[in-house]
Structures are given as C-alpha cells and as structure tokens.
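What follows is my_file05.csv (CSV, C-alpha atoms).
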chain,number,residue,atom,x,y,z
A,721,MET,CA,-47.5,66.5,-193.1
A,722,LYS,CA,-43.8,67.2,-193.4
A,723,ILE,CA,-41.4,64.3,-193.1
A,724,ILE,CA,-38.2,65.7,-191.7
A,725,ASN,CA,-35.3,63.3,-192.0
A,726,SER,CA,-32.1,62.9,-190.0
A,727,ASN,CA,-30.0,65.1,-192.2
A,728,GLU,CA,-32.6,68.0,-192.0
A,729,VAL,CA,-32.7,67.7,-188.2
A,730,THR,CA,-28.9,68.0,-187.8
A,731,THR,CA,-28.8,70.8,-190.3
A,732,GLN,CA,-31.6,72.8,-188.7
A,733,LEU,CA,-30.7,72.3,-185.1
A,734,SER,CA,-27.1,73.1,-184.0
A,735,PHE,CA,-25.9,72.2,-180.5
A,736,ILE,CA,-25.8,75.8,-179.5
A,737,GLU,CA,-29.4,76.3,-180.7
A,738,ALA,CA,-30.4,73.0,-179.0
A,739,ILE,CA,-29.0,74.1,-175.6
A,740,LYS,CA,-31.0,77.4,-175.9
A,741,VAL,CA,-34.1,75.4,-176.8
A,742,MET,CA,-33.7,73.1,-173.9
A,743,GLU,CA,-33.1,76.0,-171.5
A,744,GLN,CA,-36.5,77.5,-172.6
A,745,CYS,CA,-38.1,74.1,-172.4
A,746,PHE,CA,-37.1,73.6,-168.8
A,747,LYS,CA,-38.2,77.1,-167.9
A,748,ASP,CA,-41.6,76.3,-169.4
A,749,PHE,CA,-41.7,72.9,-167.8
A,750,GLN,CA,-40.9,74.3,-164.4
A,751,ALA,CA,-43.6,77.0,-164.9
A,752,GLY,CA,-46.2,74.3,-165.8
A,753,THR,CA,-47.0,75.8,-169.2
A,754,ILE,CA,-45.9,72.6,-171.0
A,755,SER,CA,-46.6,69.1,-169.7
A,756,GLN,CA,-46.0,65.4,-170.4
A,757,GLU,CA,-47.5,62.0,-169.7
A,758,LYS,CA,-45.7,59.0,-168.2
A,759,ARG,CA,-43.5,57.2,-170.6
A,760,MET,CA,-44.9,53.9,-171.8
A,761,VAL,CA,-42.1,51.4,-171.9
A,762,GLN,CA,-42.5,47.8,-173.1
A,763,GLN,CA,-39.6,45.4,-172.6
A,764,LEU,CA,-39.7,43.2,-175.6
A,765,PRO,CA,-39.8,39.5,-174.9
A,766,ASP,CA,-36.6,38.6,-176.6
A,767,GLY,CA,-34.4,37.0,-174.0
A,768,GLU,CA,-31.3,38.8,-172.8
A,769,ASN,CA,-31.2,41.5,-175.4
A,770,HIS,CA,-33.0,44.1,-173.2
A,771,ASN,CA,-34.7,45.6,-176.3
A,772,VAL,CA,-37.3,48.3,-175.5
A,773,PHE,CA,-40.2,49.9,-177.3
A,774,ALA,CA,-41.4,53.3,-175.8
A,775,MET,CA,-43.9,56.1,-176.4
A,776,MET,CA,-43.4,59.5,-174.9
A,777,PRO,CA,-46.3,62.0,-175.2
A,778,ALA,CA,-46.2,65.7,-174.4
A,779,TYR,CA,-48.3,68.8,-174.8
A,780,LEU,CA,-46.8,72.3,-175.5
A,781,GLY,CA,-49.9,74.5,-175.2
A,782,LYS,CA,-53.1,75.4,-177.0
A,783,ASN,CA,-51.3,77.7,-179.5
A,784,ARG,CA,-48.4,75.4,-180.1
A,785,TYR,CA,-48.2,71.6,-180.6
A,786,PHE,CA,-48.6,68.2,-179.0
A,787,GLY,CA,-47.4,64.8,-180.0
A,788,SER,CA,-45.3,61.8,-179.0
A,789,LYS,CA,-41.9,60.3,-179.6
A,790,ILE,CA,-42.2,56.7,-180.6
A,791,ILE,CA,-38.9,55.0,-180.3
A,792,THR,CA,-37.0,51.7,-179.9
A,793,ALA,CA,-33.8,51.0,-177.9
A,794,PHE,CA,-31.8,48.0,-179.1
A,795,PRO,CA,-28.5,48.1,-177.3
A,796,ASN,CA,-26.8,45.6,-179.7
A,797,ASN,CA,-27.7,47.5,-182.8
A,798,HIS,CA,-24.0,48.5,-183.3
A,799,LYS,CA,-23.4,44.9,-184.4
A,800,GLN,CA,-25.7,45.7,-187.4
A,801,ASN,CA,-24.1,49.1,-187.9
A,802,LEU,CA,-27.4,50.7,-186.7
A,803,PRO,CA,-28.0,53.3,-184.0
A,804,SER,CA,-29.2,51.9,-180.7
A,805,HIS,CA,-32.2,54.3,-180.7
A,806,LEU,CA,-34.6,54.5,-183.7
A,807,GLY,CA,-38.0,56.1,-184.2
A,808,GLU,CA,-40.0,59.1,-185.0
A,809,VAL,CA,-41.5,62.2,-183.3
A,810,LEU,CA,-45.1,62.9,-184.4
A,811,LEU,CA,-46.1,66.5,-184.1
A,812,PHE,CA,-49.7,67.7,-184.1
A,813,ASP,CA,-51.2,71.2,-184.3
A,814,SER,CA,-52.8,72.0,-180.9
A,815,LYS,CA,-55.4,74.2,-182.5
A,816,ASN,CA,-57.1,71.5,-184.6
A,817,GLY,CA,-55.3,68.2,-184.0
A,818,GLN,CA,-53.9,68.1,-187.5
A,819,PRO,CA,-50.6,66.1,-187.8
A,820,VAL,CA,-48.1,68.5,-189.2
A,821,ALA,CA,-44.7,66.7,-189.1
A,822,MET,CA,-42.9,63.4,-188.6
A,823,VAL,CA,-39.4,64.1,-187.4
A,824,ASN,CA,-36.6,61.6,-187.2
A,825,ALA,CA,-36.4,60.7,-183.5
A,826,ASN,CA,-32.9,59.3,-183.6
A,827,ALA,CA,-31.4,62.6,-184.7
A,828,VAL,CA,-33.6,64.6,-182.2
A,829,THR,CA,-32.6,62.3,-179.4
A,830,TRP,CA,-29.0,62.4,-180.4
A,831,ILE,CA,-28.9,66.2,-180.1
A,832,ARG,CA,-31.3,66.9,-177.3
A,833,THR,CA,-29.9,64.4,-174.9
A,834,ALA,CA,-26.4,66.0,-175.2
A,835,ALA,CA,-27.9,69.5,-175.1
A,836,VAL,CA,-29.6,68.7,-171.8
A,837,SER,CA,-26.4,67.3,-170.4
A,838,ALA,CA,-24.6,70.4,-171.5
A,839,LEU,CA,-27.2,72.6,-169.8
A,840,ALA,CA,-26.8,70.7,-166.6
A,841,THR,CA,-23.0,70.9,-167.0
A,842,LYS,CA,-23.3,74.7,-167.2
A,843,PHE,CA,-24.8,74.8,-163.7
A,844,LEU,CA,-23.0,71.9,-162.1
A,845,ALA,CA,-19.4,71.6,-163.4
A,846,LYS,CA,-16.6,73.8,-162.2
A,847,LYS,CA,-16.2,76.9,-164.3
A,848,SER,CA,-12.5,75.9,-164.8
A,849,ALA,CA,-13.4,72.4,-166.0
A,850,ASN,CA,-11.3,71.6,-169.1
A,851,ALA,CA,-11.1,67.8,-169.1
A,852,LEU,CA,-14.0,65.6,-170.4
A,853,THR,CA,-14.4,61.8,-170.0
A,854,LEU,CA,-16.7,59.9,-172.3
A,855,ILE,CA,-17.6,56.4,-171.0
A,856,GLY,CA,-19.0,54.6,-174.0
A,857,ALA,CA,-17.8,55.5,-177.5
A,858,GLY,CA,-21.1,55.2,-179.3
A,859,GLN,CA,-23.4,57.7,-180.9
A,860,GLN,CA,-24.0,59.7,-177.8
A,861,ALA,CA,-20.3,60.2,-177.2
A,862,ALA,CA,-20.1,62.3,-180.4
A,863,SER,CA,-23.0,64.5,-179.5
A,864,HIS,CA,-21.9,64.9,-175.9
A,865,LEU,CA,-18.4,66.0,-177.1
A,866,ALA,CA,-20.0,68.6,-179.4
A,867,ALA,CA,-22.4,69.8,-176.7
A,868,ILE,CA,-20.1,70.0,-173.7
A,869,THR,CA,-17.5,71.9,-175.7
A,870,CYS,CA,-20.2,74.6,-176.1
A,871,VAL,CA,-20.4,75.3,-172.4
A,872,ARG,CA,-16.8,74.6,-171.1
A,873,ALA,CA,-13.4,75.2,-172.6
A,874,ILE,CA,-12.4,71.6,-173.0
A,875,GLN,CA,-8.8,70.7,-173.7
A,876,ARG,CA,-8.5,67.0,-173.1
A,877,VAL,CA,-10.9,64.2,-173.9
A,878,PHE,CA,-10.6,60.8,-172.2
A,879,VAL,CA,-12.4,58.0,-174.1
A,880,TYR,CA,-13.2,54.7,-172.5
A,881,ASP,CA,-15.2,51.8,-174.0
A,882,LEU,CA,-15.0,48.1,-173.4
A,883,ASP,CA,-14.6,47.6,-177.2
A,884,GLU,CA,-11.0,48.6,-178.1
A,885,THR,CA,-12.0,49.0,-181.8
A,886,ARG,CA,-14.8,51.4,-181.0
A,887,ARG,CA,-12.4,53.5,-178.8
A,888,LYS,CA,-9.8,53.7,-181.5
A,889,GLN,CA,-12.3,54.5,-184.3
A,890,PHE,CA,-14.0,57.2,-182.2
A,891,ILE,CA,-10.7,59.0,-181.5
A,892,LEU,CA,-9.5,58.6,-185.1
A,893,GLN,CA,-12.7,60.1,-186.4
A,894,TYR,CA,-13.1,63.0,-184.0
A,895,GLN,CA,-9.4,64.0,-183.7
A,896,GLU,CA,-9.8,65.3,-187.2
A,897,ASP,CA,-13.0,67.3,-186.3
A,898,TYR,CA,-11.4,68.7,-183.1
A,899,PRO,CA,-7.7,69.3,-183.9
A,900,GLU,CA,-7.5,71.7,-180.9
A,901,LEU,CA,-8.3,68.9,-178.5
A,902,THR,CA,-6.1,66.2,-177.0
A,903,PHE,CA,-7.8,62.8,-177.1
A,904,ILE,CA,-6.6,60.1,-174.7
A,905,GLU,CA,-7.6,56.4,-175.3
A,906,CYS,CA,-8.2,54.6,-172.0
A,907,SER,CA,-8.0,50.8,-171.8
A,908,LYS,CA,-8.9,51.0,-168.1
A,909,LEU,CA,-11.7,52.9,-166.4
A,910,GLU,CA,-9.3,54.4,-163.8
A,911,GLU,CA,-7.3,56.0,-166.6
A,912,ALA,CA,-10.4,57.8,-167.8
A,913,THR,CA,-11.5,59.2,-164.4
A,914,LYS,CA,-8.4,60.1,-162.3
A,915,GLU,CA,-7.6,63.4,-164.0
A,916,THR,CA,-11.0,64.6,-165.4
A,917,ASP,CA,-13.5,67.3,-164.5
A,918,ILE,CA,-16.6,66.1,-166.3
A,919,ILE,CA,-17.7,62.5,-166.9
A,920,CYS,CA,-20.6,61.5,-169.2
A,921,THR,CA,-21.8,57.9,-168.8
A,922,LEU,CA,-23.3,56.8,-172.1
A,923,THR,CA,-24.0,53.1,-171.8
A,924,PRO,CA,-27.0,50.8,-171.4
A,925,SER,CA,-25.4,49.0,-168.5
A,926,LYS,CA,-27.4,46.9,-166.1
A,927,THR,CA,-24.6,46.9,-163.5
A,928,PRO,CA,-22.7,50.0,-162.1
A,929,ILE,CA,-19.7,51.3,-164.0
A,930,LEU,CA,-18.6,54.0,-161.6
A,931,SER,CA,-18.3,53.8,-157.8
A,932,ARG,CA,-17.1,56.5,-155.4
A,933,LYS,CA,-13.5,55.2,-155.5
A,934,ASN,CA,-13.3,56.0,-159.2
A,935,ILE,CA,-14.2,59.7,-158.8
A,936,GLN,CA,-12.0,62.6,-157.8
A,937,PRO,CA,-13.2,65.6,-155.8
A,938,GLY,CA,-14.7,68.3,-157.9
A,939,THR,CA,-15.9,66.0,-160.7
A,940,HIS,CA,-19.3,66.5,-162.3
A,941,ILE,CA,-21.1,63.4,-163.7
A,942,ASN,CA,-23.8,63.3,-166.4
A,943,ALA,CA,-25.5,59.9,-166.0
A,944,ILE,CA,-27.7,59.6,-169.0
A,945,GLY,CA,-27.3,56.1,-170.5
A,946,THR,CA,-30.1,54.2,-168.8
A,947,PHE,CA,-33.8,54.9,-168.3
A,948,THR,CA,-35.4,51.8,-166.7
A,949,PRO,CA,-35.7,50.8,-163.1
A,950,ASP,CA,-33.4,47.8,-163.4
A,951,THR,CA,-30.5,49.4,-165.2
A,952,ARG,CA,-27.9,51.8,-163.8
A,953,GLU,CA,-24.4,53.2,-164.4
A,954,LEU,CA,-23.6,54.6,-160.9
A,955,ALA,CA,-23.0,52.5,-157.8
A,956,SER,CA,-25.0,53.1,-154.7
A,957,ASP,CA,-22.0,54.5,-152.7
A,958,LEU,CA,-21.4,57.1,-155.4
A,959,MET,CA,-25.1,58.1,-155.6
A,960,ALA,CA,-25.1,58.5,-151.8
A,961,PHE,CA,-22.0,60.6,-151.7
A,962,GLY,CA,-22.6,62.9,-154.7
A,963,GLN,CA,-24.8,66.0,-154.8
A,964,LEU,CA,-27.7,64.7,-156.9
A,965,TYR,CA,-29.8,66.7,-159.5
A,966,VAL,CA,-32.3,65.3,-161.9
A,967,ASP,CA,-34.1,66.2,-165.1
A,968,ASP,CA,-37.5,65.6,-163.5
A,969,TYR,CA,-38.4,64.4,-160.0
A,970,GLN,CA,-41.4,62.2,-161.0
A,971,ALA,CA,-39.7,60.6,-164.0
A,972,ILE,CA,-36.6,59.7,-161.9
A,973,LYS,CA,-38.7,58.2,-159.2
A,974,ARG,CA,-40.5,56.0,-161.7
A,975,GLU,CA,-37.7,55.1,-164.1
A,976,SER,CA,-34.1,55.6,-162.9
A,977,GLY,CA,-32.3,52.5,-161.6
A,978,ASP,CA,-29.4,54.8,-160.6
A,979,TYR,CA,-31.9,56.3,-158.1
A,980,LEU,CA,-34.4,53.5,-157.3
A,981,ILE,CA,-31.9,50.7,-156.6
A,982,PRO,CA,-29.9,52.5,-153.8
A,983,LEU,CA,-33.3,53.8,-152.6
A,984,ALA,CA,-34.5,50.3,-152.2
A,985,GLU,CA,-31.2,49.3,-150.5
A,986,GLY,CA,-31.7,52.1,-147.9
A,987,VAL,CA,-28.6,53.9,-149.0
A,988,LEU,CA,-30.6,56.9,-150.3
A,989,THR,CA,-33.7,58.7,-149.1
A,990,GLU,CA,-36.0,60.8,-151.3
A,991,THR,CA,-34.4,63.9,-149.8
A,992,ALA,CA,-31.2,63.0,-151.6
A,993,ILE,CA,-32.4,64.8,-154.7
A,994,LEU,CA,-31.2,68.4,-154.3
A,995,GLY,CA,-32.9,69.9,-157.3
A,996,SER,CA,-34.2,69.6,-160.8
A,997,LEU,CA,-32.8,71.1,-164.0
A,998,GLY,CA,-35.8,73.3,-164.2
A,999,GLU,CA,-35.1,74.7,-160.7
A,1000,LEU,CA,-31.5,75.3,-161.7
A,1001,VAL,CA,-32.5,77.1,-164.9
A,1002,ILE,CA,-34.9,79.5,-163.1
A,1003,HIS,CA,-32.3,79.9,-160.3
A,1004,GLN,CA,-34.6,78.5,-157.7
A,1005,LYS,CA,-31.7,76.1,-156.8
A,1006,ASN,CA,-28.0,77.2,-156.9
A,1007,GLY,CA,-26.2,74.1,-158.3
A,1008,ARG,CA,-22.5,73.8,-157.6
A,1009,THR,CA,-21.3,75.9,-154.6
A,1010,ASP,CA,-17.7,74.8,-154.2
A,1011,GLU,CA,-14.8,73.3,-156.1
A,1012,GLN,CA,-14.6,70.0,-154.2
A,1013,SER,CA,-18.1,68.5,-154.4
A,1014,ILE,CA,-19.0,65.6,-156.7
A,1015,THR,CA,-22.1,66.6,-158.5
A,1016,ILE,CA,-24.4,64.2,-160.4
A,1017,PHE,CA,-27.0,64.9,-163.0
A,1018,ASP,CA,-29.2,61.8,-163.4
A,1019,ALA,CA,-31.4,62.0,-166.5
A,1020,VAL,CA,-33.9,59.6,-168.0
A,1021,GLY,CA,-35.0,61.8,-170.9
A,1022,LEU,CA,-38.2,63.7,-171.2
A,1023,ALA,CA,-40.9,63.9,-173.8
A,1024,VAL,CA,-41.1,67.7,-173.6
A,1025,GLU,CA,-37.5,67.9,-174.7
A,1026,ASP,CA,-38.3,65.9,-177.9
A,1027,LEU,CA,-41.4,67.9,-178.7
A,1028,CYS,CA,-39.7,71.3,-178.1
A,1029,CYS,CA,-36.9,70.3,-180.5
A,1030,ALA,CA,-39.4,69.0,-183.1
A,1031,GLU,CA,-41.4,72.2,-182.8
A,1032,TYR,CA,-38.2,74.3,-183.3
A,1033,ILE,CA,-37.1,72.4,-186.4
A,1034,TYR,CA,-40.6,72.3,-187.9
A,1035,GLU,CA,-41.1,76.1,-187.4
A,1036,LYS,CA,-37.7,76.8,-189.1
A,1037,ILE,CA,-38.5,74.5,-192.1
A,1038,LYS,CA,-42.1,75.8,-192.4
A,1039,GLU,CA,-40.8,79.4,-192.8

Take the structure in this file and express it as structure tokens.
Amino acid sequence: MKIINSNEVTTQLSFIEAIKVMEQCFKDFQAGTISQEKRMVQQLPDGENHNVFAMMPAYLGKNRYFGSKIITAFPNNHKQNLPSHLGEVLLFDSKNGQPVAMVNANAVTWIRTAAVSALATKFLAKKSANALTLIGAGQQAASHLAAITCVRAIQRVFVYDLDETRRKQFILQYQEDYPELTFIECSKLEEATKETDIICTLTPSKTPILSRKNIQPGTHINAIGTFTPDTRELASDLMAFGQLYVDDYQAIKRESGDYLIPLAEGVLTETAILGSLGELVIHQKNGRTDEQSITIFDAVGLAVEDLCCAEYIYEKIKE
C-alpha cells in the first residue's frame, strides 16, 4: 500500500487539474455511476471546542476504487500551529478489495474544497467578476485564492478575519506569491463585502457572519466553512433572498445548518434549492442568468470528491 504524504498530494494535483477532476466527479455523481454513503460525524465530548471526528465512504465503480476519508476537525488547532482538519483517505481496489493507498486527507481536502468552490464560481459568478473576498484567513483562504483565480480574472482580494495577526500574516505571505493582485486588509466585515464580486466564507462559525444587508447585488457566495446542522455562516434573511445551489441535495438536507436552521424557522422551503453542482455541470440547470442576482453555493463536502482526488493522485504516482 502506497503512503502518499501531503507534499506528494500538492505536487501531483494542481488546482487546474483538481477543478477538472471535480467537474468529471460531479458528472459521474449526477449520472449515478459513482456513489457515497452518509457521512458519520461524531461530536467529541470535549465541552465548547466543537471538535469532530468523521468518516466519509464512497464507491467509484467496479473497475475503479472505493474507500473512505477519515478525518478530524478541530477549529482551535491554529493555536497549536496545526491545520483544523487532519486525517487520511484510504483507497481500496474495487476488483479485489485490496488496500492500495493511504493519502493525506488534509492536503486532499485543502485542494478539493477550493476546487469545488471554483467550479461553482465558474457557473454562478458574473463573467466580469474581478474582486474576491476571503472571510477567514486560515488554510482554506490560501487554497480558495489559488482556485478562484483559475476561473476568474481576479484583480483585488479583500481579506477579513477576526484575528488581526492572521489577516496581516496572510496578506504578507501571499502578496509575494501573487504580485499582480491588490490585497486589502479589512478590519470590519463591511469593508470586505461592499465592493466585491465573489465571497468565500471559510470559518467554523456557529452563528451567522453574513446577512442580506452585507451583500451587494450581483455577488456570488461560496459558503463552505461549516458542515453540521447547528453551525452556519449565512443568516436566514440572506439564505431566503439569494439564489441557492448546493453540492448535493441529500447531504445539504442532513448536514447544512445554513439550510436547516432557516428551514426550521419557516423562512425557507425545500423548493428554495434551485439546483445542484452536478446539474450545473451537465447543463441541466443554467446557474446565473443576470448581473444583479445574489447567488449562493452551499457546500458541506462530499466523499466522492475525496475519493476521486485520491484516485487521480494514486494513478499518477503508480505510473
């Protein structure tokens, strides 16, 4: 069994490649040729830390692979200079059940989450979009910056984080990597949202960060930071007003607090979801149709994404 570390993952899977892998993944998922089981999530009994252990199994077909991502989510890991998400993707050969690879899940998650957001952005953001807002200056901010710039001609990047040090460190680091971009540090949320085209919410928040009053017409939002029923980043009034698309109907209806909380409040109905990313990819749904709508992509992360990335990396290394 090959053990594929974080460095090998990032070397073998570029963001451009990952976006293509995710596009094919969602085509296959929509066609029903690949499948996944419900995510098992255990809230660890450790008080107010909201630490999570999760298993995410998926099956890619009889001539491909199956397996599971086994991962932890510890929101306060940055205090120990560790990523918030840690774990492994186990890959098995579908022909005989043999374990063939163990792939660093943190690196896979880091890339595929942003690649999925970029894929959604391709369909839902304005073609002219050139300003990006990153809410949360952690690990996912870096990958979303890299991925979104693959699908839109970004010129300005607004960075907002409650932690001033993290904001400043992020801009200092990535200004060198992206000298062609203008980075704007935002100490207030309003500064980050009033002149932007694309917003990525990248936090483990239990209470809403964004409401309708924060968002300008024509903005696209990727809400990807939370994946449990009691956590959310978007307020109910924004969810009700925006045009809502999801990574998977069933997963969102089980796991997304952004969706489930306003649904329970009676602010949303189940018909509020206009389409899935799979439907957008196969052009069954159209996505953005005008310049003024606020579009929302609500994603909880899917096991098929992890397995497809792990398969792609393993096949490259195996050759």

(request) Write out as JSON, numbers by chain each polymer residue whose atoms come within 12 Å of Gly962 in chain A, counting all atoms listed in the file; drop sequence neighbours fewer than 3 positions from it. (result) {"A": [844, 930, 931, 932, 933, 935, 936, 937, 938, 939, 940, 941, 942, 954, 955, 956, 957, 958, 959, 965, 979, 988, 992, 993, 994, 1008, 1012, 1013, 1014, 1015, 1016, 1017, 1018]}

(message) Report as a ChimeraX atom specification all protein, DNA and RNA residues lying within 10 Å of range 787-800 of chain A, evaluated on only C-alpha atoms, omitting residues in the same chain fewer than 3 positions from it.
(response) /A:756-757,759-764,769-780,803-814,817,819-826,828-829,858-859,886,923-925,1022-1024,1026-1027,1030-1031

(message) Using only C-alpha atoms for the distances, tell me which of A:Glu905, A:Glu975, A:Glu900, A:Glu911 is nearest to Arg952 in chain A.
(response)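 Smallest distance to Arg952 in chain A is found for A:Glu975.
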
(message) Ranking A:Ala835, A:Gln732, A:Gln895, A:Ala960 by minimum distance to Leu983 in chain A and counting all atoms listed in the file, which one comes first?
(response) A:Ala960

(request) Considering only C-alpha atoms, return as a ChimeraX atom specification whatever protein or nucleic-acid residues lie within 9 Å of Lys908 in chain A, sequence-local ones (same chain, fewer than 3 positions apart) excluded. (result) /A:880-882,911-912

(request) Pick out the closest residue to Ile723 in chain A from this set: A:Ile1037, A:Leu892, A:Val987, A:Leu852. Count only C-alpha atoms. (result) A:Ile1037

(request) Mind giving me the straight-line distance from CA of Leu922 in chain A to CA of Ser734 in chain A in Å, one decimal? (result)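 Interatomic distance, CA of Leu922 in chain A to CA of Ser734 in chain A: 20.5 Å.
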
(request) Counting all atoms listed in the file, figure out which residue out of A:Ser726, A:Thr989, A:Arg784, A:Leu802 gets nearest to Tyr1032 in chain A. (result)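 The answer is A:Arg784, which sits nearest to Tyr1032 in chain A.
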
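Within 8 Å of Gly998 in chain A, once all atoms listed in the file are used and residues closer than 4 positions along the same chain are dropped, the contacting residues are Phe746, Lys747, Phe749, Gln750, Asp967, Asp968 and Ile1002 of chain A.
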
(request) Quick one: everything within 7 Å of range 738-742 of chain A, counting only C-alpha atoms, minus sequence neighbours fewer than 5 positions away in the same chain. Send it as a ChimeraX atom specification. (result) /A:733,832,835-836,839,1025,1029

(message) Restricting the calculation to all atoms listed in the file: of A:Lys758, A:Lys722, A:Lys1036, A:Lys846, which residue gets closest to Gly1007 in chain A?
(response)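 Among the listed residues, the smallest separation from Gly1007 in chain A belongs to A:Lys846.
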
(request) Between CA of Ile855 in chain A and CA of Thr730 in chain A, measure the distance and give it in Å to one decimal. (result) 23.3 Å

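Restricting the calculation to all atoms listed in the file, the smallest distance between Gln818 in chain A and any of A:Ile972, A:Met721, A:Ile929, A:Val966 is found for A:Met721.
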
(message) Just to confirm, what's the straight-line distance from CA of Ala827 in chain A to CA of Val871 in chain A in Å (one decimal)?
(response)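 Going from CA of Ala827 in chain A over to CA of Val871 in chain A covers 20.8 Å.
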
(request) With all atoms listed in the file counted, which protein, DNA or RNA residues have an atom no more than 10 Å from (-11.4, 68.6, -182.1) in the file frame? Please answer as a ChimeraX atom specification. (result) /A:865-866,869,874-877,891,893-903

Since the input is missing atoms for range 768-779 of chain A, could you rebuild it with N, CA and C atoms and give the result as an mmCIF file, in the coordinates of the input?
data_model
loop_
_atom_site.group_PDB
_atom_site.id
_atom_site.type_symbol
_atom_site.label_atom_id
_atom_site.label_comp_id
_atom_site.auth_asym_id
_atom_site.auth_seq_id
_atom_site.Cartn_x
_atom_site.Cartn_y
_atom_site.Cartn_z
ATOM 1 N N GLU A 768 -32.209 37.965 -173.485
ATOM 2 C CA GLU A 768 -31.300 38.800 -172.800
ATOM 3 C C GLU A 768 -30.852 40.052 -173.541
ATOM 4 N N ASN A 769 -31.552 40.376 -174.607
ATOM 5 C CA ASN A 769 -31.200 41.500 -175.400
ATOM 6 C C ASN A 769 -31.558 42.862 -174.798
ATOM 7 N N HIS A 770 -32.577 42.844 -173.904
ATOM 8 C CA HIS A 770 -33.000 44.100 -173.200
ATOM 9 C C HIS A 770 -33.513 45.122 -174.210
ATOM 10 N N ASN A 771 -34.163 44.681 -175.282
ATOM 11 C CA ASN A 771 -34.700 45.600 -176.300
ATOM 12 C C ASN A 771 -35.987 46.237 -175.756
ATOM 13 N N VAL A 772 -36.192 47.513 -176.104
ATOM 14 C CA VAL A 772 -37.300 48.300 -175.500
ATOM 15 C C VAL A 772 -38.045 49.041 -176.624
ATOM 16 N N PHE A 773 -39.369 49.104 -176.469
ATOM 17 C CA PHE A 773 -40.200 49.900 -177.300
ATOM 18 C C PHE A 773 -40.873 50.968 -176.366
ATOM 19 N N ALA A 774 -40.844 52.244 -176.741
ATOM 20 C CA ALA A 774 -41.400 53.300 -175.800
ATOM 21 C C ALA A 774 -42.133 54.353 -176.587
ATOM 22 N N MET A 775 -43.135 54.920 -175.889
ATOM 23 C CA MET A 775 -43.900 56.100 -176.400
ATOM 24 C C MET A 775 -43.819 57.172 -175.347
ATOM 25 N N MET A 776 -43.560 58.400 -175.806
ATOM 26 C CA MET A 776 -43.400 59.500 -174.900
ATOM 27 C C MET A 776 -44.194 60.725 -175.346
ATOM 28 N N PRO A 777 -45.413 60.878 -174.810
ATOM 29 C CA PRO A 777 -46.300 62.000 -175.200
ATOM 30 C C PRO A 777 -46.079 63.252 -174.415
ATOM 31 N N ALA A 778 -46.306 64.390 -175.078
ATOM 32 C CA ALA A 778 -46.200 65.700 -174.400
ATOM 33 C C ALA A 778 -47.083 66.712 -175.077
ATOM 34 N N TYR A 779 -47.397 67.775 -174.321
ATOM 35 C CA TYR A 779 -48.300 68.800 -174.800
ATOM 36 C C TYR A 779 -47.604 70.184 -174.523
#
